[in-house]
Amino acid sequence: MIERWSPTAPHTVSRVAGPPGAALSSAGVAAFGTGSKGVGGGARGGAGRRARVEAGLAELERWLADQVRKGLAAASESEWQHLARRLVDAQAPGVAAMVGGLAEARSAADWPERLLAQIAMLHLLAAGHRGLDELPDELAQTVRTRVGYLVTRDKVLAGPAVRDLWHVLGRRDETHDRLVARRVWLLGRRTGRAALVLSFAPVGRPLDDSLVTGELLDASLAFYPGASPLRALVATRHDEPSAVTGIERLQGPGQGRRVSAPVPPGGSASVALDTVAKALAGDPWTDSWPLVLAGALPTAGTLAGLPLHPGLATPWRLIALSGGRPLTVAAEWTPRGLVPLTAWDEQGLAVIL
């Protein structure tokens with residue numbers, strides 16, 4: 001079981017079963033501004049919103065200082081819940097979600113390290129918002145995104161779009177209270193850009209299934225603004241999915257689907273780490289990023305020498321597919337390790353893990 005937060009009520013945490021990908025972070029709520037550093041809702045509304053956020057984050061900084069002074073073991077979960085509610089009232093839902101995640105860190109075996117790291121990231125975000133007017137435009141937008149300022153879908157679609165042949169690397173569904181969130185990872189074949197497309201639906205209602213793992217999509221994507229833009233909307237489809245044939249469903253535990261399509265370009269573990277480092281340099285609060293590893297050999301606890309997420313079961317399906325031979329694997333990077341999504345066998349068939 002892993003913990004997730006609800007995008008509709010960021011201070012609420014629900015538990016969902018399944019392999020642990022990165023939690024849906026405040027990056028799922030993008031920022032909206034009226035000027036180069038302003039916030040949405042008009043001059044008066046934007047100023048009022050920012051003042052409320054600043055007051056809430058000032059309270060957060062005082063609380064963080066108290067935690068460090070008293071010791072990390074002294075805080076109670078009820079304190080965190082109360083603070084998260086106060087941050088929601090202050091219109092900082094992204095920060096409230098991060099505070100809500102402290103309880104999960106506290107329950108881990110390595111809780112001192114994880115809790116201190118999350119407290120440090122909270123402090124960095126509060127300090128970033130305090131100095132918002134001094135930041136470069138893209139970094140300022142990233143800070144607003146992580147705090148929880150809203151950008152409208154129309155505003156994103158009105159911005160520039162990136163056309164490419166997009167590999168659909170994999171997807172993951174997560175339940176947040178009464179809402180199901182679908183995360184679909186894409187990689188541009190020509191540009192090498194990564195993208196995340198999110199969709200939501202109430203529990204029991206169908207989700208958008210137009211992006212099929214393994215397909216190659218000729219489309220223009222509009223990205224939400226930020227220093228390391230990742231979340232995107234499909235603005236225009238220019239053609240039907242390319243080279244998608246031979247779908248075969250595999251029944252039983254570890255159900256999957258094979259899709260015949262071009263194998264996405266991948267790199268070594270070193271290239272993957274460089275990719276993550278660049279993403280973190282732009283957005284230090286990044287907690288999830290898609291990678292494609294070429295010539296990757298899986299073991300019980302590693303992939304291409306990089307650690308798998310400790311919450312995962314032994315990836316026997318991936319190990320069996322490899323048969324001791326290296327292969328191309330798409331995985332989701334998280335701070336705690338990789339979560340394999342899809343692998344391509346020696347015939348070039350995509351196998352959903």
# chains A, B, ... in the order shown; residues from 1 in each chain; ligands from 1
>>> residues_around(residues="A:Gly337", least_positions_apart="3", cutoff="12 Å", atoms="only C-alpha atoms", output="JSON list (two decimals) with N, CA, C and O atoms, in the first residue's frame")
[["chain", "number", "residue", "atom", "x", "y", "z"],
["A", 20, "PRO", "N", 4.54, 1.28, -6.51],
["A", 20, "PRO", "CA", 4.71, 2.66, -6.09],
["A", 20, "PRO", "C", 5.39, 3.53, -7.12],
["A", 20, "PRO", "O", 6.59, 3.54, -7.24],
["A", 21, "GLY", "N", 4.63, 4.29, -7.86],
["A", 21, "GLY", "CA", 5.21, 5.35, -8.66],
["A", 21, "GLY", "C", 5.33, 6.58, -7.78],
["A", 21, "GLY", "O", 4.99, 6.57, -6.61],
["A", 22, "ALA", "N", 5.81, 7.64, -8.33],
["A", 22, "ALA", "CA", 5.88, 8.87, -7.55],
["A", 22, "ALA", "C", 4.48, 9.41, -7.33],
["A", 22, "ALA", "O", 3.61, 9.29, -8.17],
["A", 273, "LEU", "N", 20.99, 9.50, -15.69],
["A", 273, "LEU", "CA", 21.26, 10.32, -14.51],
["A", 273, "LEU", "C", 21.50, 11.78, -14.89],
["A", 273, "LEU", "O", 21.09, 12.69, -14.17],
["A", 276, "VAL", "N", 18.05, 13.33, -15.39],
["A", 276, "VAL", "CA", 17.40, 13.65, -14.12],
["A", 276, "VAL", "C", 18.06, 14.87, -13.47],
["A", 276, "VAL", "O", 17.37, 15.74, -12.92],
["A", 287, "ASP", "N", 9.71, 15.09, -8.57],
["A", 287, "ASP", "CA", 9.71, 13.79, -7.89],
["A", 287, "ASP", "C", 9.37, 12.65, -8.84],
["A", 287, "ASP", "O", 9.14, 11.51, -8.40],
["A", 288, "SER", "N", 9.36, 12.92, -10.15],
["A", 288, "SER", "CA", 9.04, 11.88, -11.11],
["A", 288, "SER", "C", 9.49, 12.33, -12.49],
["A", 288, "SER", "O", 9.28, 13.51, -12.85],
["A", 289, "TRP", "N", 10.12, 11.42, -13.25],
["A", 289, "TRP", "CA", 10.58, 11.77, -14.59],
["A", 289, "TRP", "C", 10.72, 10.49, -15.42],
["A", 289, "TRP", "O", 11.21, 9.48, -14.91],
["A", 291, "LEU", "N", 12.27, 7.88, -18.11],
["A", 291, "LEU", "CA", 13.57, 7.55, -18.68],
["A", 291, "LEU", "C", 13.43, 6.36, -19.61],
["A", 291, "LEU", "O", 12.57, 5.50, -19.39],
["A", 301, "GLY", "N", 16.91, -6.22, -7.84],
["A", 301, "GLY", "CA", 16.79, -4.92, -7.20],
["A", 301, "GLY", "C", 17.31, -3.75, -8.00],
["A", 301, "GLY", "O", 17.28, -2.61, -7.52],
["A", 302, "THR", "N", 17.78, -4.01, -9.24],
["A", 302, "THR", "CA", 18.34, -2.92, -10.04],
["A", 302, "THR", "C", 17.90, -3.03, -11.49],
["A", 302, "THR", "O", 17.45, -4.08, -11.96],
["A", 303, "LEU", "N", 18.08, -1.94, -12.21],
["A", 303, "LEU", "CA", 17.86, -1.90, -13.65],
["A", 303, "LEU", "C", 18.99, -1.07, -14.23],
["A", 303, "LEU", "O", 19.13, 0.11, -13.89],
["A", 305, "GLY", "N", 21.92, -1.17, -13.40],
["A", 305, "GLY", "CA", 22.76, -0.76, -12.28],
["A", 305, "GLY", "C", 22.14, 0.29, -11.40],
["A", 305, "GLY", "O", 22.72, 0.65, -10.37],
["A", 306, "LEU", "N", 20.97, 0.82, -11.76],
["A", 306, "LEU", "CA", 20.29, 1.82, -10.95],
["A", 306, "LEU", "C", 19.27, 1.13, -10.05],
["A", 306, "LEU", "O", 18.59, 0.19, -10.48],
["A", 307, "PRO", "N", 19.10, 1.58, -8.81],
["A", 307, "PRO", "CA", 18.20, 0.89, -7.88],
["A", 307, "PRO", "C", 16.74, 1.03, -8.27],
["A", 307, "PRO", "O", 16.31, 2.08, -8.75],
["A", 308, "LEU", "N", 16.00, -0.06, -8.06],
["A", 308, "LEU", "CA", 14.55, -0.01, -8.22],
["A", 308, "LEU", "C", 13.93, 0.53, -6.94],
["A", 308, "LEU", "O", 14.53, 0.53, -5.87],
["A", 309, "HIS", "N", 12.69, 1.01, -7.06],
["A", 309, "HIS", "CA", 11.97, 1.52, -5.90],
["A", 309, "HIS", "C", 11.84, 0.39, -4.86],
["A", 309, "HIS", "O", 11.45, -0.73, -5.20],
["A", 310, "PRO", "N", 12.19, 0.65, -3.59],
["A", 310, "PRO", "CA", 12.16, -0.42, -2.58],
["A", 310, "PRO", "C", 10.77, -0.99, -2.31],
["A", 310, "PRO", "O", 10.65, -2.08, -1.75],
["A", 311, "GLY", "N", 9.73, -0.27, -2.70],
["A", 311, "GLY", "CA", 8.37, -0.77, -2.48],
["A", 311, "GLY", "C", 7.90, -1.75, -3.53],
["A", 311, "GLY", "O", 6.81, -2.32, -3.42],
["A", 312, "LEU", "N", 8.70, -1.96, -4.58],
["A", 312, "LEU", "CA", 8.32, -2.88, -5.64],
["A", 312, "LEU", "C", 8.61, -4.32, -5.26],
["A", 312, "LEU", "O", 9.58, -4.60, -4.56],
["A", 331, "ALA", "N", 11.15, 3.52, -17.82],
["A", 331, "ALA", "CA", 10.92, 3.50, -16.38],
["A", 331, "ALA", "C", 10.62, 4.91, -15.89],
["A", 331, "ALA", "O", 10.99, 5.91, -16.52],
["A", 332, "GLU", "N", 9.95, 4.96, -14.76],
["A", 332, "GLU", "CA", 9.66, 6.23, -14.10],
["A", 332, "GLU", "C", 10.69, 6.43, -12.99],
["A", 332, "GLU", "O", 10.79, 5.60, -12.07],
["A", 333, "TRP", "N", 11.48, 7.49, -13.10],
["A", 333, "TRP", "CA", 12.42, 7.81, -12.03],
["A", 333, "TRP", "C", 11.68, 8.46, -10.88],
["A", 333, "TRP", "O", 10.82, 9.31, -11.07],
["A", 334, "THR", "N", 12.01, 8.04, -9.65],
["A", 334, "THR", "CA", 11.55, 8.70, -8.44],
["A", 334, "THR", "C", 12.76, 8.85, -7.52],
["A", 334, "THR", "O", 13.77, 8.15, -7.70],
["A", 340, "PRO", "N", 9.78, 0.39, -13.28],
["A", 340, "PRO", "CA", 9.67, 0.00, -14.69],
["A", 340, "PRO", "C", 8.24, 0.09, -15.20],
["A", 340, "PRO", "O", 7.29, -0.26, -14.50]]
>>> select_by_dssp(residues="stretch 64-270 of chain A", states="helix (DSSP H, G or I)", output="ChimeraX atom specification")
/A:64-70,72-74,77-89,93-100,102-106,111-130,132-134,137-147,153-158,269-270
>>> closest_residue(among="A:Ala108, A:Ala58, A:Leu83, A:Thr175", to="A:Leu125", atoms="only C-alpha atoms")
A:Ala58
>>> select_by_dssp(residues="stretch 123-340 of chain A", states="strand (DSSP E or B)", output="short mmCIF file (atom, residue, chain, number, x, y, z; two decimals) with N, CA and C atoms, in the first residue's frame")
data_model
loop_
_atom_site.label_atom_id
_atom_site.label_comp_id
_atom_site.auth_asym_id
_atom_site.auth_seq_id
_atom_site.Cartn_x
_atom_site.Cartn_y
_atom_site.Cartn_z
N ALA A 161 3.30 25.30 -29.10
CA ALA A 161 3.19 23.84 -29.07
C ALA A 161 4.43 23.23 -29.71
N VAL A 162 4.76 22.03 -29.27
CA VAL A 162 5.93 21.30 -29.78
C VAL A 162 5.43 20.11 -30.58
N ARG A 163 5.72 20.12 -31.89
CA ARG A 163 5.32 18.99 -32.73
C ARG A 163 6.46 17.99 -32.79
N ASP A 164 6.10 16.72 -32.67
CA ASP A 164 7.08 15.64 -32.72
C ASP A 164 6.35 14.33 -32.94
N LEU A 165 7.13 13.29 -33.16
CA LEU A 165 6.60 11.93 -33.09
C LEU A 165 6.81 11.47 -31.66
N TRP A 166 5.72 11.31 -30.93
CA TRP A 166 5.79 11.04 -29.49
C TRP A 166 5.60 9.56 -29.21
N HIS A 167 6.61 8.95 -28.59
CA HIS A 167 6.48 7.57 -28.10
C HIS A 167 5.65 7.59 -26.82
N VAL A 168 4.63 6.74 -26.76
CA VAL A 168 3.87 6.58 -25.51
C VAL A 168 4.59 5.49 -24.71
N LEU A 169 5.30 5.91 -23.68
CA LEU A 169 6.18 5.01 -22.94
C LEU A 169 5.45 4.12 -21.95
N GLY A 170 4.36 4.60 -21.40
CA GLY A 170 3.64 3.82 -20.39
C GLY A 170 2.67 4.71 -19.65
N ARG A 171 1.85 4.07 -18.84
CA ARG A 171 0.88 4.83 -18.07
C ARG A 171 0.63 4.14 -16.74
N ARG A 172 0.10 4.91 -15.81
CA ARG A 172 -0.21 4.38 -14.49
C ARG A 172 -1.47 5.07 -13.97
N ASP A 173 -2.39 4.27 -13.43
CA ASP A 173 -3.61 4.80 -12.85
C ASP A 173 -3.48 4.78 -11.33
N GLU A 174 -3.91 5.86 -10.70
CA GLU A 174 -3.86 5.98 -9.25
C GLU A 174 -5.19 6.53 -8.74
N THR A 175 -5.66 5.97 -7.64
CA THR A 175 -6.93 6.40 -7.06
C THR A 175 -6.68 7.38 -5.93
N HIS A 176 -7.35 8.53 -5.98
CA HIS A 176 -7.26 9.57 -4.97
C HIS A 176 -8.66 9.81 -4.43
N LEU A 179 -11.54 9.94 -6.93
CA LEU A 179 -11.07 10.35 -8.25
C LEU A 179 -9.93 9.44 -8.69
N VAL A 180 -9.95 9.06 -9.97
CA VAL A 180 -8.87 8.26 -10.54
C VAL A 180 -8.04 9.16 -11.45
N ALA A 181 -6.74 9.16 -11.25
CA ALA A 181 -5.83 9.96 -12.07
C ALA A 181 -5.03 9.02 -12.96
N ARG A 182 -4.95 9.34 -14.22
CA ARG A 182 -4.15 8.57 -15.18
C ARG A 182 -2.94 9.40 -15.59
N ARG A 183 -1.75 8.84 -15.43
CA ARG A 183 -0.50 9.47 -15.80
C ARG A 183 0.04 8.74 -17.02
N VAL A 184 0.25 9.46 -18.12
CA VAL A 184 0.78 8.86 -19.35
C VAL A 184 2.09 9.57 -19.69
N TRP A 185 3.16 8.77 -19.84
CA TRP A 185 4.48 9.31 -20.12
C TRP A 185 4.78 9.25 -21.61
N LEU A 186 5.30 10.34 -22.16
CA LEU A 186 5.64 10.42 -23.58
C LEU A 186 7.10 10.84 -23.74
N LEU A 187 7.67 10.50 -24.90
CA LEU A 187 9.03 10.92 -25.23
C LEU A 187 9.07 11.29 -26.71
N GLY A 188 9.56 12.49 -27.01
CA GLY A 188 9.66 12.93 -28.39
C GLY A 188 10.79 12.22 -29.11
N ALA A 194 10.64 14.99 -22.80
CA ALA A 194 9.73 14.16 -22.02
C ALA A 194 8.44 14.93 -21.78
N ALA A 195 7.35 14.20 -21.64
CA ALA A 195 6.05 14.83 -21.38
C ALA A 195 5.20 13.92 -20.50
N LEU A 196 4.35 14.54 -19.72
CA LEU A 196 3.39 13.84 -18.87
C LEU A 196 2.00 14.38 -19.18
N VAL A 197 1.10 13.50 -19.59
CA VAL A 197 -0.29 13.88 -19.86
C VAL A 197 -1.15 13.28 -18.75
N LEU A 198 -1.88 14.14 -18.05
CA LEU A 198 -2.75 13.71 -16.96
C LEU A 198 -4.21 13.77 -17.38
N SER A 199 -4.98 12.80 -16.90
CA SER A 199 -6.43 12.86 -17.07
C SER A 199 -7.07 12.33 -15.80
N PHE A 200 -8.30 12.77 -15.54
CA PHE A 200 -8.99 12.42 -14.30
C PHE A 200 -10.42 12.00 -14.61
N ALA A 201 -10.96 11.12 -13.76
CA ALA A 201 -12.35 10.70 -13.88
C ALA A 201 -12.81 10.19 -12.52
N PRO A 202 -14.10 10.34 -12.19
CA PRO A 202 -14.61 9.75 -10.95
C PRO A 202 -14.45 8.24 -10.98
N LEU A 216 3.25 5.36 -31.59
CA LEU A 216 4.04 6.52 -31.98
C LEU A 216 3.06 7.53 -32.55
N LEU A 217 2.95 8.66 -31.88
CA LEU A 217 1.90 9.63 -32.16
C LEU A 217 2.48 10.89 -32.77
N ASP A 218 1.98 11.27 -33.94
CA ASP A 218 2.36 12.53 -34.57
C ASP A 218 1.42 13.60 -34.03
N ALA A 219 1.94 14.44 -33.13
CA ALA A 219 1.07 15.39 -32.44
C ALA A 219 1.87 16.62 -32.02
N SER A 220 1.12 17.69 -31.74
CA SER A 220 1.69 18.90 -31.15
C SER A 220 1.24 18.95 -29.69
N LEU A 221 2.20 19.11 -28.79
CA LEU A 221 1.92 19.17 -27.36
C LEU A 221 2.16 20.58 -26.84
N ALA A 222 1.25 21.05 -26.01
CA ALA A 222 1.40 22.35 -25.34
C ALA A 222 1.79 22.07 -23.89
N PHE A 223 2.90 22.64 -23.46
CA PHE A 223 3.43 22.36 -22.12
C PHE A 223 3.00 23.43 -21.12
N ARG A 231 4.55 18.50 -17.62
CA ARG A 231 3.13 18.25 -17.88
C ARG A 231 2.71 18.96 -19.16
N ALA A 232 1.90 18.25 -19.96
CA ALA A 232 1.51 18.80 -21.26
C ALA A 232 0.09 18.38 -21.61
N LEU A 233 -0.47 19.09 -22.59
CA LEU A 233 -1.77 18.75 -23.18
C LEU A 233 -1.55 18.43 -24.65
N VAL A 234 -2.30 17.47 -25.16
CA VAL A 234 -2.25 17.17 -26.59
C VAL A 234 -3.07 18.24 -27.30
N ALA A 235 -2.38 19.15 -27.97
CA ALA A 235 -3.07 20.26 -28.63
C ALA A 235 -3.66 19.85 -29.96
N THR A 236 -2.88 19.12 -30.77
CA THR A 236 -3.33 18.71 -32.11
C THR A 236 -2.75 17.35 -32.45
N ARG A 237 -3.61 16.46 -32.96
CA ARG A 237 -3.14 15.19 -33.53
C ARG A 237 -3.06 15.37 -35.04
N SER A 242 0.98 5.77 -35.43
CA SER A 242 1.80 5.10 -36.43
C SER A 242 2.25 3.72 -35.98
N THR A 245 0.25 -2.23 -34.40
CA THR A 245 -0.36 -3.46 -34.92
C THR A 245 -0.11 -4.58 -33.93
N GLY A 246 -0.77 -5.69 -34.15
CA GLY A 246 -0.47 -6.91 -33.42
C GLY A 246 -0.66 -6.82 -31.92
N ILE A 247 -1.78 -6.26 -31.47
CA ILE A 247 -2.02 -6.17 -30.03
C ILE A 247 -2.36 -7.55 -29.49
N GLU A 248 -1.66 -7.97 -28.45
CA GLU A 248 -1.89 -9.27 -27.84
C GLU A 248 -2.03 -9.10 -26.35
N ARG A 249 -3.15 -9.54 -25.77
CA ARG A 249 -3.35 -9.41 -24.34
C ARG A 249 -2.81 -10.66 -23.64
N LEU A 250 -2.13 -10.44 -22.53
CA LEU A 250 -1.58 -11.53 -21.73
C LEU A 250 -2.39 -11.61 -20.45
N GLY A 256 -0.60 -7.89 -19.10
CA GLY A 256 0.07 -6.90 -19.93
C GLY A 256 -0.50 -6.89 -21.33
N ARG A 257 0.10 -6.09 -22.18
CA ARG A 257 -0.35 -6.01 -23.57
C ARG A 257 0.87 -5.75 -24.44
N ARG A 258 0.98 -6.46 -25.53
CA ARG A 258 2.08 -6.28 -26.46
C ARG A 258 1.61 -5.43 -27.63
N VAL A 259 2.40 -4.45 -27.97
CA VAL A 259 2.07 -3.57 -29.08
C VAL A 259 3.29 -3.45 -29.98
N SER A 260 3.10 -3.74 -31.26
CA SER A 260 4.20 -3.62 -32.20
C SER A 260 4.34 -2.17 -32.63
N GLY A 267 19.16 5.50 -23.69
CA GLY A 267 20.54 5.80 -23.38
C GLY A 267 21.04 4.94 -22.24
N TRP A 289 10.12 11.42 -13.25
CA TRP A 289 10.58 11.77 -14.59
C TRP A 289 10.72 10.49 -15.42
N PRO A 290 10.30 10.51 -16.69
CA PRO A 290 10.40 9.29 -17.51
C PRO A 290 11.81 9.12 -18.09
N LEU A 291 12.27 7.88 -18.11
CA LEU A 291 13.57 7.55 -18.68
C LEU A 291 13.43 6.36 -19.61
N VAL A 292 14.28 6.29 -20.62
CA VAL A 292 14.37 5.11 -21.47
C VAL A 292 15.81 4.63 -21.41
N LEU A 293 15.99 3.41 -20.92
CA LEU A 293 17.31 2.82 -20.76
C LEU A 293 17.53 1.79 -21.87
N ALA A 294 18.56 1.97 -22.66
CA ALA A 294 18.90 1.03 -23.72
C ALA A 294 19.99 0.08 -23.21
N GLY A 295 19.92 -1.19 -23.62
CA GLY A 295 20.91 -2.16 -23.18
C GLY A 295 20.88 -2.37 -21.68
N ALA A 296 19.69 -2.33 -21.10
CA ALA A 296 19.54 -2.42 -19.64
C ALA A 296 19.35 -3.86 -19.22
N PRO A 298 18.13 -6.18 -16.19
CA PRO A 298 17.42 -6.13 -14.91
C PRO A 298 17.88 -7.21 -13.95
N THR A 302 17.78 -4.01 -9.24
CA THR A 302 18.34 -2.92 -10.04
C THR A 302 17.90 -3.03 -11.49
N LEU A 303 18.08 -1.94 -12.21
CA LEU A 303 17.86 -1.90 -13.65
C LEU A 303 18.99 -1.07 -14.23
N LEU A 306 20.97 0.82 -11.76
CA LEU A 306 20.29 1.82 -10.95
C LEU A 306 19.27 1.13 -10.05
N PRO A 307 19.10 1.58 -8.81
CA PRO A 307 18.20 0.89 -7.88
C PRO A 307 16.74 1.03 -8.27
N LEU A 308 16.00 -0.06 -8.06
CA LEU A 308 14.55 -0.01 -8.22
C LEU A 308 13.93 0.53 -6.94
N LEU A 327 18.04 -5.25 -22.62
CA LEU A 327 16.92 -4.83 -23.46
C LEU A 327 16.61 -3.36 -23.17
N THR A 328 15.70 -2.81 -23.96
CA THR A 328 15.28 -1.41 -23.76
C THR A 328 14.09 -1.38 -22.81
N VAL A 329 14.19 -0.52 -21.80
CA VAL A 329 13.14 -0.43 -20.78
C VAL A 329 12.80 1.04 -20.52
N ALA A 330 11.52 1.35 -20.51
CA ALA A 330 11.05 2.66 -20.08
C ALA A 330 10.70 2.56 -18.60
N ALA A 331 11.15 3.52 -17.82
CA ALA A 331 10.92 3.50 -16.38
C ALA A 331 10.62 4.91 -15.89
N GLU A 332 9.95 4.96 -14.76
CA GLU A 332 9.66 6.23 -14.10
C GLU A 332 10.69 6.43 -12.99
N TRP A 333 11.48 7.49 -13.10
CA TRP A 333 12.42 7.81 -12.03
C TRP A 333 11.68 8.46 -10.88
N THR A 334 12.01 8.04 -9.65
CA THR A 334 11.55 8.70 -8.44
C THR A 334 12.76 8.85 -7.52
N GLY A 337 13.93 5.48 -6.29
CA GLY A 337 14.31 4.41 -7.20
C GLY A 337 13.42 4.38 -8.42
N LEU A 338 13.76 3.50 -9.37
CA LEU A 338 13.04 3.39 -10.63
C LEU A 338 11.81 2.51 -10.51
N VAL A 339 10.79 2.83 -11.29
CA VAL A 339 9.59 2.00 -11.42
C VAL A 339 9.46 1.63 -12.90
N PRO A 340 9.78 0.39 -13.28
CA PRO A 340 9.67 0.00 -14.69
C PRO A 340 8.24 0.09 -15.20
#
